file my_file_16.pdb (PDB, C-alpha atoms)
ATOM      1  CA  MET B   7     -31.556  66.791   2.989
ATOM      2  CA  LEU B   8     -30.808  65.815   6.565
ATOM      3  CA  ASP B   9     -34.421  64.776   7.115
ATOM      4  CA  LEU B  10     -34.278  62.653   3.979
ATOM      5  CA  ASP B  11     -31.029  61.022   5.133
ATOM      6  CA  VAL B  12     -32.652  60.220   8.475
ATOM      7  CA  ARG B  13     -35.653  58.713   6.775
ATOM      8  CA  ILE B  14     -33.494  56.629   4.424
ATOM      9  CA  ASP B  15     -31.370  55.423   7.324
ATOM     10  CA  THR B  16     -34.304  54.477   9.555
ATOM     11  CA  GLU B  17     -37.877  54.275   8.268
ATOM     12  CA  LEU B  18     -37.135  53.174   4.687
ATOM     13  CA  LEU B  19     -34.486  50.705   5.830
ATOM     14  CA  GLU B  20     -36.755  49.136   8.459
ATOM     15  CA  ARG B  21     -39.636  48.906   6.006
ATOM     16  CA  ALA B  22     -37.523  47.361   3.227
ATOM     17  CA  VAL B  23     -35.980  44.795   5.576
ATOM     18  CA  ALA B  24     -39.365  43.885   7.075
ATOM     19  CA  GLU B  25     -40.966  43.462   3.632
ATOM     20  CA  VAL B  26     -38.151  41.235   2.362
ATOM     21  CA  ASP B  27     -38.038  39.159   5.554
ATOM     22  CA  GLY B  28     -41.815  38.737   5.536
ATOM     23  CA  PHE B  29     -41.742  37.540   1.952
ATOM     24  CA  VAL B  30     -38.649  35.316   2.164
ATOM     25  CA  ASN B  31     -39.826  33.602   5.368
ATOM     26  CA  LYS B  32     -43.007  32.577   3.590
ATOM     27  CA  HIS B  33     -41.992  32.101  -0.054
ATOM     28  CA  GLY B  34     -38.221  31.711  -0.147
ATOM     29  CA  THR B  35     -36.222  33.551  -2.831
ATOM     30  CA  PRO B  36     -37.798  32.718  -6.218
ATOM     31  CA  VAL B  37     -36.509  35.821  -8.009
ATOM     32  CA  THR B  38     -33.026  35.614  -9.509
ATOM     33  CA  ARG B  39     -30.129  37.936  -8.803
ATOM     34  CA  THR B  40     -30.317  39.118 -12.412
ATOM     35  CA  GLN B  41     -33.942  40.170 -11.945
ATOM     36  CA  ILE B  42     -33.035  41.944  -8.708
ATOM     37  CA  ALA B  43     -30.214  43.752 -10.511
ATOM     38  CA  GLY B  44     -32.800  44.844 -13.116
ATOM     39  CA  LEU B  45     -35.128  46.094 -10.393
ATOM     40  CA  GLN B  46     -32.325  48.084  -8.819
ATOM     41  CA  GLN B  47     -31.308  49.591 -12.157
ATOM     42  CA  ILE B  48     -34.865  50.709 -12.869
ATOM     43  CA  ALA B  49     -35.183  52.138  -9.353
ATOM     44  CA  VAL B  50     -32.070  54.256  -9.836
ATOM     45  CA  ASN B  51     -32.622  55.371 -13.418
ATOM     46  CA  GLU B  52     -36.392  55.342 -13.928
ATOM     47  CA  PRO B  53     -38.066  55.290 -10.493
ATOM     48  CA  ASP B  54     -41.437  56.185 -12.019
ATOM     49  CA  LYS B  55     -41.378  52.952 -14.027
ATOM     50  CA  ILE B  56     -40.821  50.378 -11.279
ATOM     51  CA  ALA B  57     -44.515  49.509 -10.941
ATOM     52  CA  ASN B  58     -44.689  48.974 -14.708
ATOM     53  CA  PHE B  59     -41.527  46.826 -14.631
ATOM     54  CA  ALA B  60     -42.939  44.754 -11.753
ATOM     55  CA  SER B  61     -46.219  44.317 -13.591
ATOM     56  CA  LYS B  62     -44.405  43.009 -16.702
ATOM     57  CA  GLN B  63     -42.305  40.617 -14.639
ATOM     58  CA  LYS B  64     -45.480  39.367 -12.969
ATOM     59  CA  GLU B  65     -47.157  38.799 -16.366
ATOM     60  CA  ARG B  66     -44.088  36.886 -17.523
ATOM     61  CA  ALA B  67     -44.241  34.607 -14.485
ATOM     62  CA  GLU B  68     -47.979  34.096 -15.018
ATOM     63  CA  LYS B  69     -47.367  33.021 -18.626
ATOM     64  CA  ARG B  70     -44.644  30.621 -17.522
ATOM     65  CA  LEU B  71     -47.010  29.140 -14.972
ATOM     66  CA  GLN B  72     -49.528  28.206 -17.643
ATOM     67  CA  GLY B  73     -49.375  24.544 -18.559
ATOM     68  CA  ILE B  74     -47.193  23.592 -15.610
ATOM     69  CA  LYS B  75     -48.624  20.925 -13.326
ATOM     70  CA  GLU B  76     -48.994  21.701  -9.635
ATOM     71  CA  SER B  77     -46.746  18.743  -8.842
ATOM     72  CA  ASP B  78     -43.903  20.321 -10.835
ATOM     73  CA  PRO B  79     -41.405  22.080  -8.478
ATOM     74  CA  LYS B  80     -41.377  25.024 -10.910
ATOM     75  CA  TYR B  81     -45.080  25.601 -10.217
ATOM     76  CA  GLN B  82     -44.409  26.779  -6.674
ATOM     77  CA  LYS B  83     -41.455  28.865  -7.824
ATOM     78  CA  PHE B  84     -43.513  30.758 -10.415
ATOM     79  CA  GLN B  85     -46.390  31.162  -7.969
ATOM     80  CA  SER B  86     -43.999  32.745  -5.474
ATOM     81  CA  GLU B  87     -42.488  34.908  -8.195
ATOM     82  CA  ILE B  88     -45.952  36.262  -9.026
ATOM     83  CA  VAL B  89     -46.484  37.106  -5.348
ATOM     84  CA  PHE B  90     -43.083  38.813  -5.249
ATOM     85  CA  TRP B  91     -43.785  41.117  -8.199
ATOM     86  CA  ALA B  92     -47.272  41.891  -6.898
ATOM     87  CA  MET B  93     -45.622  42.911  -3.630
ATOM     88  CA  VAL B  94     -43.123  45.175  -5.435
ATOM     89  CA  SER B  95     -45.963  46.759  -7.369
ATOM     90  CA  ASN B  96     -47.920  47.333  -4.152
ATOM     91  CA  LEU B  97     -44.889  48.784  -2.389
ATOM     92  CA  CYS B  98     -44.626  51.348  -5.176
ATOM     93  CA  SER B  99     -48.178  52.256  -5.969
ATOM     94  CA  GLY B 100     -50.482  50.404  -3.585
ATOM     95  CA  LYS B 101     -53.641  52.322  -2.700
ATOM     96  CA  GLY B 102     -56.707  51.766  -0.581
ATOM     97  CA  ALA B 103     -57.428  50.385   2.844
ATOM     98  CA  GLN B 104     -56.051  46.902   2.139
ATOM     99  CA  VAL B 105     -52.554  48.321   1.531
ATOM    100  CA  SER B 106     -51.012  49.258   4.877
ATOM    101  CA  TRP B 107     -47.979  51.052   3.415
ATOM    102  CA  SER B 108     -46.667  52.085   0.015
ATOM    103  CA  LEU B 109     -44.341  54.743  -1.319
ATOM    104  CA  LEU B 110     -47.310  56.267  -3.119
ATOM    105  CA  LYS B 111     -49.280  56.501   0.128
ATOM    106  CA  LEU B 112     -46.316  58.084   1.857
ATOM    107  CA  ARG B 113     -45.971  60.601  -0.969
ATOM    108  CA  GLU B 114     -49.682  61.417  -0.872
ATOM    109  CA  GLN B 115     -49.464  62.057   2.878
ATOM    110  CA  GLU B 116     -46.618  64.481   2.386
ATOM    111  CA  MET B 117     -47.941  66.359  -0.577
ATOM    112  CA  PRO B 118     -48.171  70.095   0.200
ATOM    113  CA  ALA B 119     -51.747  71.270   0.657
ATOM    114  CA  ASP B 120     -51.289  73.807  -2.175
ATOM    115  CA  TYR B 121     -51.242  70.955  -4.684
ATOM    116  CA  ARG B 122     -54.515  69.439  -3.530
ATOM    117  CA  LEU B 123     -56.793  71.314  -5.859
ATOM    118  CA  ASP B 124     -60.049  70.129  -7.377
ATOM    119  CA  LYS B 125     -60.247  70.353 -11.144
ATOM    120  CA  PRO B 126     -62.207  73.475 -12.074
ATOM    121  CA  HIS B 127     -65.464  73.097 -13.967
ATOM    122  CA  PRO B 128     -65.028  73.546 -17.751
ATOM    123  CA  SER B 129     -67.148  76.665 -17.490
ATOM    124  CA  ALA B 130     -64.839  78.211 -14.878
ATOM    125  CA  PRO B 131     -62.978  81.383 -15.877
ATOM    126  CA  ALA B 132     -59.852  80.855 -18.027
ATOM    127  CA  GLU B 133     -57.723  82.396 -15.296
ATOM    128  CA  GLU B 134     -58.832  79.747 -12.804
ATOM    129  CA  ARG B 135     -58.276  76.921 -15.302
ATOM    130  CA  ASN B 136     -54.810  78.249 -16.192
ATOM    131  CA  ARG B 137     -53.892  78.441 -12.529
ATOM    132  CA  PHE B 138     -55.023  74.857 -12.063
ATOM    133  CA  HIS B 139     -52.795  73.660 -14.945
ATOM    134  CA  GLN B 140     -49.869  75.614 -13.583
ATOM    135  CA  ILE B 141     -50.265  74.012 -10.166
ATOM    136  CA  GLN B 142     -50.692  70.580 -11.762
ATOM    137  CA  SER B 143     -47.363  71.063 -13.484
ATOM    138  CA  GLN B 144     -45.682  72.083 -10.214
ATOM    139  CA  LYS B 145     -47.261  69.102  -8.493
ATOM    140  CA  ALA B 146     -45.917  66.709 -11.149
ATOM    141  CA  GLN B 147     -42.452  68.184 -10.699
ATOM    142  CA  TRP B 148     -42.702  67.802  -6.913
ATOM    143  CA  GLU B 149     -43.796  64.169  -7.341
ATOM    144  CA  ARG B 150     -40.887  63.384  -9.676
ATOM    145  CA  ARG B 151     -38.444  64.864  -7.195
ATOM    146  CA  TRP B 152     -40.026  62.947  -4.318
ATOM    147  CA  ASN B 153     -39.814  59.709  -6.320
ATOM    148  CA  ARG B 154     -36.186  60.373  -7.204
ATOM    149  CA  ASP B 155     -35.367  60.927  -3.522
ATOM    150  CA  HIS B 156     -37.242  57.939  -2.110
ATOM    151  CA  PHE B 157     -37.611  55.101  -4.643
ATOM    152  CA  PRO B 158     -33.913  54.421  -5.320
ATOM    153  CA  ALA B 159     -33.098  54.560  -1.608
ATOM    154  CA  PHE B 160     -35.914  52.221  -0.635
ATOM    155  CA  PHE B 161     -35.073  49.698  -3.349
ATOM    156  CA  ARG B 162     -31.355  49.887  -2.607
ATOM    157  CA  HIS B 163     -32.140  48.571   0.894
ATOM    158  CA  PHE B 164     -34.743  46.160  -0.457
ATOM    159  CA  CYS B 165     -32.455  44.618  -3.097
ATOM    160  CA  ALA B 166     -29.415  44.420  -0.795
ATOM    161  CA  HIS B 167     -31.432  42.629   1.880
ATOM    162  CA  TYR B 168     -33.029  40.268  -0.626
ATOM    163  CA  LYS B 169     -29.607  39.292  -2.028
ATOM    164  CA  TYR B 170     -28.354  38.859   1.525
ATOM    165  CA  ARG B 171     -31.217  36.464   2.275
ATOM    166  CA  LYS B 172     -30.780  34.511  -0.965
ATOM    167  CA  PRO B 173     -28.800  31.277  -0.526
ATOM    168  CA  ALA B 174     -25.447  31.289  -2.339
ATOM    169  CA  LYS B 175     -26.280  28.166  -4.335
ATOM    170  CA  GLU B 176     -29.311  29.781  -6.010
ATOM    171  CA  ASP B 177     -29.029  31.934  -9.150
TER
ATOM    172  CA  MET Y  23     -20.963  66.066   9.028
ATOM    173  CA  GLU Y  24     -19.109  64.929  12.158
ATOM    174  CA  SER Y  25     -18.015  68.472  12.964
ATOM    175  CA  SER Y  26     -21.588  69.408  13.773
ATOM    176  CA  LEU Y  27     -21.744  66.863  16.591
ATOM    177  CA  ASP Y  28     -21.635  68.344  20.056
ATOM    178  CA  LEU Y  29     -18.165  68.091  21.617
ATOM    179  CA  ASN Y  30     -19.525  66.278  24.670
ATOM    180  CA  LEU Y  31     -21.127  63.732  22.392
ATOM    181  CA  ILE Y  32     -17.898  63.247  20.464
ATOM    182  CA  GLN Y  33     -16.115  62.677  23.767
ATOM    183  CA  ALA Y  34     -18.778  60.159  24.840
ATOM    184  CA  ALA Y  35     -18.503  58.364  21.486
ATOM    185  CA  ASP Y  36     -14.703  58.230  21.761
ATOM    186  CA  ASP Y  37     -14.999  56.864  25.311
ATOM    187  CA  TYR Y  38     -17.363  54.177  24.068
ATOM    188  CA  LEU Y  39     -14.986  53.195  21.254
ATOM    189  CA  ASP Y  40     -12.157  53.068  23.783
ATOM    190  CA  GLN Y  41     -13.915  50.650  26.159
ATOM    191  CA  GLU Y  42     -12.133  47.343  26.640
ATOM    192  CA  GLN Y  43     -15.199  45.442  25.451
ATOM    193  CA  GLN Y  44     -15.148  47.349  22.161
ATOM    194  CA  ARG Y  45     -11.407  47.038  21.761
ATOM    195  CA  LYS Y  46     -11.779  43.272  22.151
ATOM    196  CA  ILE Y  47     -14.353  43.232  19.343
ATOM    197  CA  PHE Y  48     -12.061  45.345  17.114
ATOM    198  CA  ARG Y  49      -9.174  42.940  17.729
ATOM    199  CA  GLU Y  50     -11.318  39.922  16.925
ATOM    200  CA  ARG Y  51     -12.780  41.512  13.822
ATOM    201  CA  GLY Y  52      -9.407  42.694  12.538
ATOM    202  CA  GLU Y  53      -7.997  39.210  12.956
ATOM    203  CA  GLU Y  54     -11.063  37.714  11.317
ATOM    204  CA  LEU Y  55     -10.720  40.046   8.325
ATOM    205  CA  TYR Y  56      -7.092  39.054   8.003
ATOM    206  CA  GLN Y  57      -7.890  35.332   8.243
ATOM    207  CA  VAL Y  58     -10.553  35.666   5.556
ATOM    208  CA  PHE Y  59      -9.130  38.191   3.108
ATOM    209  CA  ARG Y  60      -5.395  37.963   3.847
ATOM    210  CA  ALA Y  61      -3.272  40.409   1.829
ATOM    211  CA  ASN Y  62      -2.789  40.977  -1.880
ATOM    212  CA  GLU Y  63       0.895  40.297  -2.487
ATOM    213  CA  GLY Y  64       1.879  42.283   0.573
ATOM    214  CA  ARG Y  65      -0.727  44.988   0.028
ATOM    215  CA  VAL Y  66      -3.929  45.516   1.985
ATOM    216  CA  SER Y  67      -6.736  43.307   0.643
ATOM    217  CA  THR Y  68      -8.958  45.110  -1.868
ATOM    218  CA  GLN Y  69     -12.009  43.919   0.054
ATOM    219  CA  VAL Y  70     -10.769  45.454   3.311
ATOM    220  CA  ARG Y  71      -9.854  48.653   1.503
ATOM    221  CA  ASN Y  72     -13.334  48.776  -0.076
ATOM    222  CA  LEU Y  73     -14.978  48.338   3.316
ATOM    223  CA  GLN Y  74     -12.842  51.113   4.780
ATOM    224  CA  GLN Y  75     -13.560  53.386   1.830
ATOM    225  CA  ILE Y  76     -17.320  52.916   1.990
ATOM    226  CA  VAL Y  77     -17.415  53.687   5.718
ATOM    227  CA  ILE Y  78     -15.332  56.825   5.231
ATOM    228  CA  SER Y  79     -17.417  58.118   2.336
ATOM    229  CA  ALA Y  80     -20.892  57.011   3.522
ATOM    230  CA  ARG Y  81     -23.439  59.575   4.644
ATOM    231  CA  ARG Y  82     -25.576  56.964   6.367
ATOM    232  CA  LEU Y  83     -24.870  53.771   8.279
ATOM    233  CA  SER Y  84     -27.312  51.912   6.051
ATOM    234  CA  ASP Y  85     -24.978  52.590   3.079
ATOM    235  CA  VAL Y  86     -22.410  50.443   4.884
ATOM    236  CA  GLU Y  87     -24.955  47.779   5.816
ATOM    237  CA  ASP Y  88     -26.148  47.624   2.199
ATOM    238  CA  PHE Y  89     -22.555  47.330   1.004
ATOM    239  CA  VAL Y  90     -21.875  44.327   3.271
ATOM    240  CA  LYS Y  91     -25.162  42.662   2.282
ATOM    241  CA  ASN Y  92     -24.431  43.213  -1.410
ATOM    242  CA  GLN Y  93     -20.994  41.642  -1.045
ATOM    243  CA  MET Y  94     -22.478  38.677   0.829
ATOM    244  CA  GLY Y  95     -25.283  38.334  -1.687
ATOM    245  CA  LYS Y  96     -23.163  37.865  -4.792
ATOM    246  CA  LYS Y  97     -23.555  34.607  -6.675
ATOM    247  CA  SER Y  98     -19.859  33.913  -6.960
ATOM    248  CA  GLY Y  99     -16.869  35.026  -4.956
ATOM    249  CA  ALA Y 100     -18.998  35.819  -1.927
ATOM    250  CA  GLU Y 101     -17.790  32.943   0.265
ATOM    251  CA  ASP Y 102     -15.286  35.113   2.125
ATOM    252  CA  TRP Y 103     -17.828  37.860   2.723
ATOM    253  CA  ARG Y 104     -20.404  35.305   3.855
ATOM    254  CA  SER Y 105     -18.001  33.950   6.448
ATOM    255  CA  VAL Y 106     -17.345  37.348   8.057
ATOM    256  CA  GLY Y 107     -20.328  39.468   6.983
ATOM    257  CA  ASP Y 108     -22.768  38.521   9.729
ATOM    258  CA  HIS Y 109     -20.248  39.579  12.369
ATOM    259  CA  LEU Y 110     -19.756  42.911  10.598
ATOM    260  CA  LEU Y 111     -23.518  43.445  10.379
ATOM    261  CA  LYS Y 112     -23.833  42.626  14.067
ATOM    262  CA  ASP Y 113     -21.176  45.234  14.888
ATOM    263  CA  LEU Y 114     -23.028  47.800  12.779
ATOM    264  CA  GLU Y 115     -26.306  46.964  14.513
ATOM    265  CA  GLN Y 116     -24.586  47.497  17.839
ATOM    266  CA  ILE Y 117     -23.394  50.899  16.625
ATOM    267  CA  ARG Y 118     -26.977  51.752  15.686
ATOM    268  CA  GLN Y 119     -28.235  50.783  19.137
ATOM    269  CA  GLN Y 120     -25.443  52.692  20.848
ATOM    270  CA  ALA Y 121     -26.228  55.863  18.881
ATOM    271  CA  ASP Y 122     -29.886  55.510  19.871
ATOM    272  CA  LYS Y 123     -28.839  55.312  23.518
ATOM    273  CA  MET Y 124     -26.517  58.298  23.317
ATOM    274  CA  ALA Y 125     -28.758  60.752  21.472
ATOM    275  CA  LYS Y 126     -32.467  61.505  21.374
ATOM    276  CA  GLU Y 127     -32.818  63.501  18.156
ATOM    277  CA  GLU Y 128     -32.783  61.568  14.900
ATOM    278  CA  PRO Y 129     -30.480  63.943  12.970
ATOM    279  CA  VAL Y 130     -27.925  63.670  15.779
ATOM    280  CA  ARG Y 131     -28.260  59.899  15.849
ATOM    281  CA  LEU Y 132     -27.646  59.817  12.082
ATOM    282  CA  ARG Y 133     -24.351  61.717  12.469
ATOM    283  CA  LEU Y 134     -23.379  59.761  15.529
ATOM    284  CA  ARG Y 135     -23.883  56.420  13.765
ATOM    285  CA  ILE Y 136     -21.460  57.447  11.049
ATOM    286  CA  TYR Y 137     -18.986  58.861  13.575
ATOM    287  CA  LEU Y 138     -19.017  55.577  15.511
ATOM    288  CA  ALA Y 139     -18.767  53.534  12.295
ATOM    289  CA  ARG Y 140     -15.681  55.484  11.250
ATOM    290  CA  GLY Y 141     -14.109  54.829  14.634
ATOM    291  CA  TRP Y 142     -15.032  51.172  14.295
ATOM    292  CA  VAL Y 143     -13.529  50.715  10.831
ATOM    293  CA  LYS Y 144     -10.382  52.619  11.786
ATOM    294  CA  ALA Y 145      -9.795  50.302  14.747
ATOM    295  CA  VAL Y 146     -10.761  47.120  12.884
ATOM    296  CA  VAL Y 147      -8.515  47.901   9.916
ATOM    297  CA  GLY Y 148      -5.766  48.853  12.371
ATOM    298  CA  ASN Y 149      -6.009  45.383  13.874
ATOM    299  CA  TYR Y 150      -6.108  43.818  10.406
ATOM    300  CA  MET Y 151      -2.852  45.691   9.649
ATOM    301  CA  TYR Y 152      -1.334  44.385  12.857
ATOM    302  CA  HIS Y 153      -2.065  40.774  11.884
ATOM    303  CA  LYS Y 154      -0.809  41.415   8.379
ATOM    304  CA  ALA Y 155       2.435  42.839   9.786
ATOM    305  CA  ILE Y 156       2.905  39.890  12.175
ATOM    306  CA  GLN Y 157       2.590  37.471   9.271
ATOM    307  CA  GLU Y 158       5.107  39.427   7.235
ATOM    308  CA  ILE Y 159       7.829  39.423   9.885
ATOM    309  CA  PRO Y 160      10.398  36.839   8.773
ATOM    310  CA  HIS Y 161      10.571  33.951  11.226
ATOM    311  CA  ALA Y 162      13.993  33.061  12.564
TER
END
call {"tool": "encode", "arguments": {"input": "my_file_16.pdb", "output": "structure tokens"}}
result
Amino acid sequence: MLDLDVRIDTELLERAVAEVDGFVNKHGTPVTRTQIAGLQQIAVNEPDKIANFASKQKERAEKRLQGIKESDPKYQKFQSEIVFWAMVSNLCSGKGAQVSWSLLKLREQEMPADYRLDKPHPSAPAEERNRFHQIQSQKAQWERRWNRDHFPAFFRHFCAHYKYRKPAKED
Amino acid sequence: MESSLDLNLIQAADDYLDQEQQRKIFRERGEELYQVFRANEGRVSTQVRNLQQIVISARRLSDVEDFVKNQMGKKSGAEDWRSVGDHLLKDLEQIRQQADKMAKEEPVRLRLRIYLARGWVKAVVGNYMYHKAIQEIPHA
């Protein structure tokens, strides 16, 4: 618990602040406070669904962008909104070399070695296959607990800092 | 949480909070809080009470930082917080840096940050109360 508190108070805070600052300095604050409140709610109640939520918000912005001329001020706003939700999605579940950091990557790094099992061949003995399923179930439980510990904390910092950076006159 | 801090460290933290430079900041911040939030019909401002409460109950300094940012980031009614919030965040950042200087191990720094923040809010609210009391003394 103490280690988690330390991580929340240092590493996750620094990362969340840096991500928000990096985005806001380049794109401003296109996402509304209501959307941020939604993101925070999902992070607290359904941390496993944030990437899905972000993906839907991104699709919505993409649809809104259709038919809008580039000269329209809303065009830039929706473009930036798309970038924002792509960033949120990447922060949750970004993989591969092009993603420098994500909660998923962090979780993968910390996963106990016992859970890193290759799927047995279908012809493997039933005992081996049963053991694999048992470990898969334990792994899923470990992942849910990890998500519950880290996602809400990260997005609490992220949302607070975003709201802090958002000018008062904007919704 | 605080009780597990080494006694020498607690003494060093208390000495830091008692430095004239810090006391000056506490006086300024207390006055600032009073100028911004005033009092609620003679009672301590709800906003000041909320700040005090969050610092007392927080497990991490970032809980306090998030609280201040959230108050400043509201669409309406955030003007007061916006006028004082950056100074509060600066104070909290200073606490963070001081804890880093005073301790090497992260778990100790975590506890020390909260210990220092509690000392900070106690002194700042004390100064707020002083300004509130001064205003309430009937003038001859």
call {"tool": "closest_residue", "arguments": {"input": "my_file_16.pdb", "among": "Y:Arg81, Y:Gln75, Y:Lys97, Y:Asp40", "to": "Thr40 of chain B", "atoms": "all atoms listed in the file"}}
result
Y:Lys97
call {"tool": "interface_residues", "arguments": {"input": "my_file_16.pdb", "of": "chain Y", "to": "chain B", "cutoff": "8 Å", "atoms": "all atoms listed in the file", "output": "ChimeraX atom specification"}}
result
/Y:81-84,88-89,91-92,94-98,100,128-129,132
call {"tool": "resolve_selection", "arguments": {"input": "my_file_16.pdb", "expression": "the PyMOL selection byres ((chain Y and resi 45) around 12)", "output": "list in words"}}
result
Asp36, Asp37, Tyr38, Leu39, Asp40, Gln41, Glu42, Gln43, Gln44, Lys46, Ile47, Phe48, Arg49, Glu50, Arg51, Gly52, Gly141, Trp142, Val143, Lys144, Ala145, Val146, Gly148 and Asn149 of chain Y
call {"tool": "atom_distance", "arguments": {"input": "my_file_16.pdb", "atom1": "atom CA of Leu111 of chain Y", "atom2": "atom CA of Ser26 of chain Y"}}
result
26.3 Å
call {"tool": "residues_around", "arguments": {"input": "my_file_16.pdb", "residues": "segment 137-152 of chain B", "least_positions_apart": "6", "cutoff": "9 Å", "atoms": "only C-alpha atoms", "output": "list of chain:residue names"}}
result
B:Pro53, B:Asp54, B:Arg113, B:Met117, B:Pro118, B:Asp120, B:Tyr121, B:Arg122, B:Leu123, B:Asp124, B:Lys125, B:Pro126
call {"tool": "residues_around", "arguments": {"input": "my_file_16.pdb", "residues": "segment 55-69 of chain Y", "least_positions_apart": "3", "cutoff": "7 Å", "atoms": "all atoms listed in the file", "output": "JSON, numbers by chain"}}
result
{"Y": [51, 52, 72, 73, 102, 150, 153, 154]}
call {"tool": "resolve_selection", "arguments": {"input": "my_file_16.pdb", "expression": "the PyMOL selection byres ((chain B and resi 97) around 10)", "output": "list in words"}}
result
Arg21, Ala22, Glu25, Ile56, Ala57, Trp91, Ala92, Met93, Val94, Ser95, Asn96, Cys98, Ser99, Gly100, Lys101, Val105, Ser106, Trp107, Ser108, Leu109, Leu110, Lys111, Phe157, Phe160 and Phe161 of chain B
call {"tool": "write_last_selection", "arguments": {"input": "my_file_16.pdb", "atoms": "C-alpha atoms", "output": "compact mmCIF listing (two decimals), in the coordinates of the input"}}
result
# COMPACT_ATOMS: atom_id res chain seq x y z
CA ARG B 21 -39.64 48.91 6.01
CA ALA B 22 -37.52 47.36 3.23
CA GLU B 25 -40.97 43.46 3.63
CA ILE B 56 -40.82 50.38 -11.28
CA ALA B 57 -44.52 49.51 -10.94
CA TRP B 91 -43.78 41.12 -8.20
CA ALA B 92 -47.27 41.89 -6.90
CA MET B 93 -45.62 42.91 -3.63
CA VAL B 94 -43.12 45.18 -5.44
CA SER B 95 -45.96 46.76 -7.37
CA ASN B 96 -47.92 47.33 -4.15
CA CYS B 98 -44.63 51.35 -5.18
CA SER B 99 -48.18 52.26 -5.97
CA GLY B 100 -50.48 50.40 -3.58
CA LYS B 101 -53.64 52.32 -2.70
CA VAL B 105 -52.55 48.32 1.53
CA SER B 106 -51.01 49.26 4.88
CA TRP B 107 -47.98 51.05 3.42
CA SER B 108 -46.67 52.08 0.02
CA LEU B 109 -44.34 54.74 -1.32
CA LEU B 110 -47.31 56.27 -3.12
CA LYS B 111 -49.28 56.50 0.13
CA PHE B 157 -37.61 55.10 -4.64
CA PHE B 160 -35.91 52.22 -0.64
CA PHE B 161 -35.07 49.70 -3.35
call {"tool": "atom_distance", "arguments": {"input": "my_file_16.pdb", "atom1": "atom CA of Arg66 of chain B", "atom2": "atom CA of Ala49 of chain B"}}
result
19.5 Å
call {"tool": "atom_distance", "arguments": {"input": "my_file_16.pdb", "atom1": "atom CA of Pro158 of chain B", "atom2": "atom CA of Val106 of chain Y"}}
result
27.3 Å
call {"tool": "resolve_selection", "arguments": {"input": "my_file_16.pdb", "expression": "the PyMOL selection byres ((chain Y and resi 133) around 8)", "output": "short mmCIF file (atom, residue, chain, number, x, y, z; two decimals) with C-alpha atoms, in the coordinates of the input"}}
result
data_model
loop_
_atom_site.label_atom_id
_atom_site.label_comp_id
_atom_site.auth_asym_id
_atom_site.auth_seq_id
_atom_site.Cartn_x
_atom_site.Cartn_y
_atom_site.Cartn_z
CA MET Y 23 -20.96 66.07 9.03
CA GLU Y 24 -19.11 64.93 12.16
CA LEU Y 27 -21.74 66.86 16.59
CA ARG Y 82 -25.58 56.96 6.37
CA PRO Y 129 -30.48 63.94 12.97
CA VAL Y 130 -27.92 63.67 15.78
CA ARG Y 131 -28.26 59.90 15.85
CA LEU Y 132 -27.65 59.82 12.08
CA LEU Y 134 -23.38 59.76 15.53
CA ARG Y 135 -23.88 56.42 13.76
CA ILE Y 136 -21.46 57.45 11.05
CA TYR Y 137 -18.99 58.86 13.58
#
